[in-house]
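Undergrad: Submitted below is the structure of interest, expressed as structure tokens.
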Amino acid sequence: MALSRRTLLGLAAGVPVSAALAACGSSGPGKSGNGATYWYLNGQPQEGVRAGAVDAFNKARPDERIADTTFQNDAYKTKIKTAIGAGQAPTIIWGWGGGTLRTYAEAGQVEDLTSWFDEHSEVRKRLFPSSFGAATVDGKIYAMPCETVQPIILYYNRKVFDQVGVEPPQSWEDIMALVPRFNAKGIAPFSLGGQSRWTNMMWLEFLFDRIGGPELFQAIVEGEKNAWSHPDAITALTKVQELVEAGGFVKGFSSITADSNADQALLYTGRAAMMLQGAWSYGIQKTDGGDFVPSGALGFMNFPPVEGGKGDPSGAVGNPAQYLSISSKASAEQKKVAKDFFATGVLQDDEVKKWIGNGSVPIRLGTEKLLAASESADFLRFTYDLASKAEVFTQSWDQALSPTAAETLLDNIVKLFQLSVSPEQFARNLNAVTGK
Amino acid sequence: MSALTGRPPRREPRSILPWLATPALVVFVGFAVIPLVGVFALSFTTWDGIGAIQPSGLTSWRAVLTDPGLPHALWVTFLVMAVSWAVQTPLSILIGTFLAGRQRYRAVLSVVYFVPVTLSSAAIAIAYKALLDPNFGLGAGLKIQVLSQDWLGRPGLAFGVVVFVVSWQFVPFHSLIYQGGVQQIPKSLYEAAQLDGAGRIRQFFSITLPQLRYTIITSSTLMVVGSLTFFDLIFILTEGGPGDATRVLALDMYKRGFQASLMGPASAMAVILVLVGLALALLLRRLGGRDAGASQLEGA
């Protein structure tokens, strides 16, 4: 019994240990050492581009050095938070900006880059102006926008549409009318990786925008009281539940994860007709889908308008860019390397070409010619126009809100899609965390 | 006389004895007691894991105790514990008893049965997740209708899958414990029973089971307390979903602490987890009877 008790204490305390000792985490690269450290996400084709930029920088400047480490998406989200909290952050912190960046900035963990951008206005001027919104906290810039713009896109399988003899939807009514047509042929109308949760969220992002306009979510971000209970919000929440009830999503969607790209496989194998996904999905479908993308079977469009909605049908949602911050705990030398990297290493011509090569639009201005010359010219042109012509580019909700509010949001979204909470309950649960 | 001659050699090991316990004690204090105190202190603070730690009295406790998610998580934890115990115990006893036989094929089988224990929970969870995928899994691949359920997407089914996978992983381990237990039962008991005309089934219920009493308690304690910390398997398999159908206490704590950045309430939940674990261990100890020291010998 003595053994069991010790095992018990060990087991019971084992989990809290990780919480309490997080502050003593030993796996993160320390602050010491002469070069800067840089953590980012793995997964091809993006990983190769990121690594290429670092290599090029290291080669061009033999006196400065950046050591890079890669992490898997979901693991990184937890890892970076713990590392920053423990004072073990890398010099260059890769992120999504928005609400998470705000928590870093408010805790004084990241450098204020406002004056640096004033001194280096040429760096600022070559990037999409819309990308700076999510890098700004209370009027100060805390991150360097980088990489690509990733609007959410409505993808569809042209072959399946031809087979059933229908046209892509031009309105929400069309969507609801298409659902029974595809179901009758045994094809899922929409693919959805519902276990990843943010996948479901994209539906709400569009419905809120199309029905209530961007002001609807803006009020939520600003902490307006009972903003989720706005009649337009309730309408949007009701509509998504109607789509679930009508069998709009693939069977078993709540156990499919987007990390494994299974949702995208459903689209390119013709088991689902349509899918709402980020612009990054194009590259994945091109790599994994065999003949699907080259044969022109992949269709793409912006989310259609909803009858009687206040939103502009050109409105875009998604990630306006990715972001690089500098840890305030880094040494002066490391900070200098990081800033040099921002000025001369980020989105250089070679990196820009690579992003375009794998089907994404880098946030650098004046790349129209390169985009037009690419083998994915149609898609890139479409993304570029979508991102640059959109009157409002709403940042992904889970990035725009604080981590605490985002977790409640994602949790409740799953329940909403499972029809286990009503739109009104959903609104009440969220009002409690986002209202001031 | 014998007492006098016996004393001197006894003294030496006695004086070393406390020192022998030191390494274990240091590890135990460093990795169990100190963090426990730290977590208890953190539960009275507000901390997002990044900024400053601010004392906030009972705020975290109030938030956790009034959250309807807590009784739900407790209930799911209890259910996983109870159902997986009820599934694993009879299976383990039967398999363990079977494997205790001296025949060669049983020895071979016991090696085969032991394989799941050597696999990591993460690998098991990923494999099962792929097999149970509604569109690309086993059922869809072999076109067997019964197997192509939405295994991880419907609350009841997902719960069943979790219990099944947990049992698949741990039944071999507990079978091994029972195998050892059965092999220690004196042969003479069975011989006597045979002479009295008891059949196999009668022998099992009248000799094997009662003799395994302490083994059952040891194995049950490991199962029950272990099930409090099921995390990796459920995290990868369902992430607590669909909705919160398989969200056990440990998972709820992780989500609060590391995903929602609410270290205060997460610490409060950790304290609750420890209390529940202690209460259960005490309860099982009571059930084990007064002579608890003997159980270690029999259950080894």
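Convention: chains lettered A, B, ... in structure tokens order; per-chain residue numbering from 1; ligands numbered from 1 as shown.
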So which residues of region 85-220 of chain A fall under strand (DSSP E or B) by DSSP, listed as an NGL selection string?

TA: :A and (92-95 or 110 or 127 or 136-137 or 140-141 or 144-146 or 148-157 or 188-191)

Undergrad: Can you list every residue of chain B that has an atom at most 6 Å from chain A, with its nearest atom pair and the distance in Å to one decimal, using only C-alpha atoms, ordered by chain then number, as CSV?

TA:
```
residue,atom,partner,partner_atom,distance
B:Ala32,CA,A:Ala13,CA,5.4
B:Pro35,CA,A:Val17,CA,5.3
B:Gly49,CA,A:Gly85,CA,5.2
B:Ile50,CA,A:Gly85,CA,3.7
B:Gly51,CA,A:Ala107,CA,4.5
B:Pro134,CA,A:Gly252,CA,6.0
B:Asp150,CA,A:Gly252,CA,5.0
B:Leu152,CA,A:Ser255,CA,5.3
B:Gly153,CA,A:Ser255,CA,4.7
B:Gly243,CA,A:Lys415,CA,5.2
B:Ala260,CA,A:Thr404,CA,4.1
B:Ser261,CA,A:Thr404,CA,5.9
B:Ala270,CA,A:Pro16,CA,5.9
B:Val274,CA,A:Ala12,CA,5.3
```

Undergrad: Please identify all polymer residues within 7 Å of Thr97 (chain B), counting only C-alpha atoms, omitting same-chain residues fewer than 6 positions from it, and present them as an MDAnalysis selection string.

TA: chainID B and resid 178:179 182

Undergrad: Suppose we keep C-alpha atoms; can you now write the selection as an mmCIF file, in the first residue's frame?

TA:
```cif
data_model
loop_
_atom_site.group_PDB
_atom_site.id
_atom_site.type_symbol
_atom_site.label_atom_id
_atom_site.label_comp_id
_atom_site.auth_asym_id
_atom_site.auth_seq_id
_atom_site.Cartn_x
_atom_site.Cartn_y
_atom_site.Cartn_z
ATOM 1 C CA TYR B 178 -2.871 -11.194 -11.665
ATOM 2 C CA GLN B 179 -0.699 -13.779 -13.368
ATOM 3 C CA VAL B 182 -2.244 -16.614 -9.222
#
```

Undergrad: If you count only C-alpha atoms, which residues fall within 8 Å of Ala400 (chain A), apart from same-chain ones fewer than 2 positions away, as a ChimeraX atom specification?

TA: /A:97-100,134,221,395-398,402

Undergrad: Counting only C-alpha atoms, which of B:Gly96, B:Gly197, B:Pro55, B:Gly141 gets nearest to Ser110 (chain B)?

TA: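 Comparing B:Gly96, B:Gly197, B:Pro55, B:Gly141 against Ser110 (chain B), the winner is B:Gly96.
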
Undergrad: I need the residues of region 177-243 of chain A that end up classed as helix (DSSP H, G or I) by DSSP on the backbone, written out as JSON, numbers by chain.

TA: {"A": [177, 178, 179, 180, 181, 182, 183, 184, 194, 195, 196, 198, 199, 200, 201, 202, 203, 204, 205, 206, 207, 208, 209, 210, 211, 212, 214, 215, 216, 217, 218, 219, 220, 221, 227, 228, 229, 231, 232, 233, 234, 235, 236, 237, 238, 239, 240, 241, 242, 243]}

Undergrad: Could you write out that same residue set with N, CA and C atoms as a compact mmCIF listing (two decimals), in the first residue's frame?

TA:
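So result_39.txt came out as:
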```txt
# COMPACT_ATOMS: atom_id res chain seq x y z
N ALA A 177 -29.97 25.42 -50.75
CA ALA A 177 -30.62 24.65 -51.81
C ALA A 177 -29.69 23.55 -52.34
N LEU A 178 -28.38 23.81 -52.28
CA LEU A 178 -27.42 22.82 -52.79
C LEU A 178 -27.30 21.60 -51.86
N VAL A 179 -27.52 21.85 -50.56
CA VAL A 179 -27.31 20.79 -49.57
C VAL A 179 -28.07 19.50 -49.93
N PRO A 180 -29.41 19.56 -50.16
CA PRO A 180 -30.10 18.30 -50.47
C PRO A 180 -29.67 17.69 -51.81
N ARG A 181 -29.27 18.55 -52.77
CA ARG A 181 -28.86 18.02 -54.07
C ARG A 181 -27.62 17.11 -53.92
N PHE A 182 -26.63 17.60 -53.15
CA PHE A 182 -25.42 16.79 -52.97
C PHE A 182 -25.69 15.58 -52.10
N ASN A 183 -26.46 15.79 -51.03
CA ASN A 183 -26.74 14.67 -50.14
C ASN A 183 -27.44 13.54 -50.88
N ALA A 184 -28.31 13.90 -51.84
CA ALA A 184 -29.04 12.89 -52.60
C ALA A 184 -28.09 12.00 -53.40
N GLY A 194 -13.99 19.50 -37.96
CA GLY A 194 -14.63 20.12 -36.79
C GLY A 194 -13.90 19.95 -35.48
N GLN A 195 -13.02 18.93 -35.37
CA GLN A 195 -12.35 18.77 -34.08
C GLN A 195 -11.32 19.88 -33.85
N SER A 196 -10.87 20.51 -34.93
CA SER A 196 -9.91 21.59 -34.78
C SER A 196 -10.55 22.90 -34.32
N TRP A 198 -11.33 25.85 -34.81
CA TRP A 198 -11.23 27.12 -35.54
C TRP A 198 -11.82 26.97 -36.94
N THR A 199 -11.89 25.72 -37.39
CA THR A 199 -12.49 25.46 -38.71
C THR A 199 -13.97 25.83 -38.70
N ASN A 200 -14.67 25.48 -37.62
CA ASN A 200 -16.08 25.85 -37.48
C ASN A 200 -16.22 27.37 -37.35
N MET A 201 -15.23 27.94 -36.67
CA MET A 201 -15.28 29.38 -36.40
C MET A 201 -15.32 30.20 -37.68
N MET A 202 -14.65 29.71 -38.75
CA MET A 202 -14.61 30.46 -40.00
C MET A 202 -16.02 30.70 -40.55
N TRP A 203 -16.92 29.74 -40.30
CA TRP A 203 -18.31 29.90 -40.75
C TRP A 203 -18.96 31.09 -40.05
N LEU A 204 -18.74 31.17 -38.76
CA LEU A 204 -19.34 32.28 -38.01
C LEU A 204 -18.72 33.61 -38.42
N GLU A 205 -17.41 33.59 -38.67
CA GLU A 205 -16.75 34.83 -39.07
C GLU A 205 -17.42 35.41 -40.31
N PHE A 206 -17.68 34.55 -41.29
CA PHE A 206 -18.32 35.02 -42.51
C PHE A 206 -19.78 35.40 -42.29
N LEU A 207 -20.51 34.56 -41.57
CA LEU A 207 -21.94 34.86 -41.37
C LEU A 207 -22.13 36.16 -40.59
N PHE A 208 -21.29 36.38 -39.57
CA PHE A 208 -21.38 37.62 -38.81
C PHE A 208 -21.09 38.81 -39.73
N ASP A 209 -20.07 38.65 -40.58
CA ASP A 209 -19.68 39.75 -41.46
C ASP A 209 -20.76 40.03 -42.49
N ARG A 210 -21.28 38.99 -43.12
CA ARG A 210 -22.26 39.18 -44.19
C ARG A 210 -23.59 39.67 -43.64
N ILE A 211 -23.99 39.18 -42.48
CA ILE A 211 -25.31 39.55 -41.95
C ILE A 211 -25.25 40.89 -41.21
N GLY A 212 -24.27 41.05 -40.33
CA GLY A 212 -24.27 42.25 -39.50
C GLY A 212 -23.20 43.27 -39.89
N PRO A 214 -18.95 44.26 -40.56
CA PRO A 214 -17.79 44.10 -39.68
C PRO A 214 -17.97 44.74 -38.31
N GLU A 215 -18.92 45.70 -38.20
CA GLU A 215 -19.12 46.38 -36.91
C GLU A 215 -19.54 45.38 -35.83
N LEU A 216 -20.23 44.34 -36.27
CA LEU A 216 -20.78 43.37 -35.32
C LEU A 216 -19.65 42.74 -34.49
N PHE A 217 -18.60 42.28 -35.17
CA PHE A 217 -17.50 41.66 -34.43
C PHE A 217 -16.61 42.72 -33.78
N GLN A 218 -16.50 43.87 -34.43
CA GLN A 218 -15.70 44.95 -33.86
C GLN A 218 -16.21 45.32 -32.46
N ALA A 219 -17.55 45.34 -32.33
CA ALA A 219 -18.14 45.66 -31.03
C ALA A 219 -17.73 44.62 -29.99
N ILE A 220 -17.61 43.37 -30.43
CA ILE A 220 -17.20 42.30 -29.51
C ILE A 220 -15.76 42.50 -29.07
N VAL A 221 -14.89 42.81 -30.05
CA VAL A 221 -13.47 43.02 -29.74
C VAL A 221 -13.31 44.17 -28.76
N ALA A 227 -22.69 42.15 -26.64
CA ALA A 227 -22.53 42.29 -28.09
C ALA A 227 -22.93 41.02 -28.83
N TRP A 228 -22.75 39.88 -28.18
CA TRP A 228 -23.09 38.61 -28.84
C TRP A 228 -24.60 38.42 -28.96
N SER A 229 -25.38 39.16 -28.18
CA SER A 229 -26.83 38.99 -28.22
C SER A 229 -27.49 39.89 -29.24
N PRO A 231 -29.29 41.14 -32.40
CA PRO A 231 -30.17 40.31 -33.24
C PRO A 231 -29.46 39.73 -34.47
N ASP A 232 -28.54 40.49 -35.08
CA ASP A 232 -27.82 39.97 -36.25
C ASP A 232 -26.93 38.78 -35.86
N ALA A 233 -26.35 38.87 -34.68
CA ALA A 233 -25.51 37.76 -34.22
C ALA A 233 -26.35 36.50 -34.03
N ILE A 234 -27.51 36.69 -33.41
CA ILE A 234 -28.41 35.55 -33.18
C ILE A 234 -28.84 34.95 -34.52
N THR A 235 -29.13 35.83 -35.50
CA THR A 235 -29.51 35.32 -36.82
C THR A 235 -28.38 34.48 -37.41
N ALA A 236 -27.14 34.97 -37.31
CA ALA A 236 -26.00 34.24 -37.87
C ALA A 236 -25.84 32.89 -37.18
N LEU A 237 -25.96 32.89 -35.86
CA LEU A 237 -25.81 31.64 -35.10
C LEU A 237 -26.91 30.65 -35.46
N THR A 238 -28.12 31.19 -35.66
CA THR A 238 -29.25 30.33 -36.03
C THR A 238 -29.03 29.72 -37.41
N LYS A 239 -28.52 30.54 -38.34
CA LYS A 239 -28.31 30.05 -39.70
C LYS A 239 -27.32 28.90 -39.74
N VAL A 240 -26.26 29.00 -38.95
CA VAL A 240 -25.26 27.94 -38.99
C VAL A 240 -25.85 26.64 -38.44
N GLN A 241 -26.71 26.78 -37.41
CA GLN A 241 -27.35 25.57 -36.88
C GLN A 241 -28.33 24.98 -37.88
N GLU A 242 -28.98 25.85 -38.67
CA GLU A 242 -29.88 25.34 -39.72
C GLU A 242 -29.10 24.51 -40.73
N LEU A 243 -27.90 24.99 -41.06
CA LEU A 243 -27.07 24.26 -42.02
C LEU A 243 -26.65 22.90 -41.45
```

Undergrad: Can you tell me which residues surround Pro129 (chain A) at a distance of at most 12 Å, considering only C-alpha atoms, apart from same-chain residues fewer than 2 positions away, and format the answer as a list in words?

TA: Val123, Arg124, Lys125, Arg126, Leu127, Ser131, Phe132, Gly133, Ala134, Ala135, Thr136, Met144, Pro145, Cys146, Val149, Pro320, Ala321, Ile363, Arg364, Leu365, Ala387, Ser388 and Phe393 of chain A

Undergrad: Within 9 Å of Leu284 (chain B), counting only C-alpha atoms, which residues show up once you throw out same-chain ones fewer than 5 positions away? Write them as a count of residues only, please.

TA: 5

Undergrad: Might you pull out every residue within 9 Å of region 60-64 of chain B, with only C-alpha atoms counted and same-chain residues fewer than 4 positions away left off, and present them as a count of residues only?

TA: 16
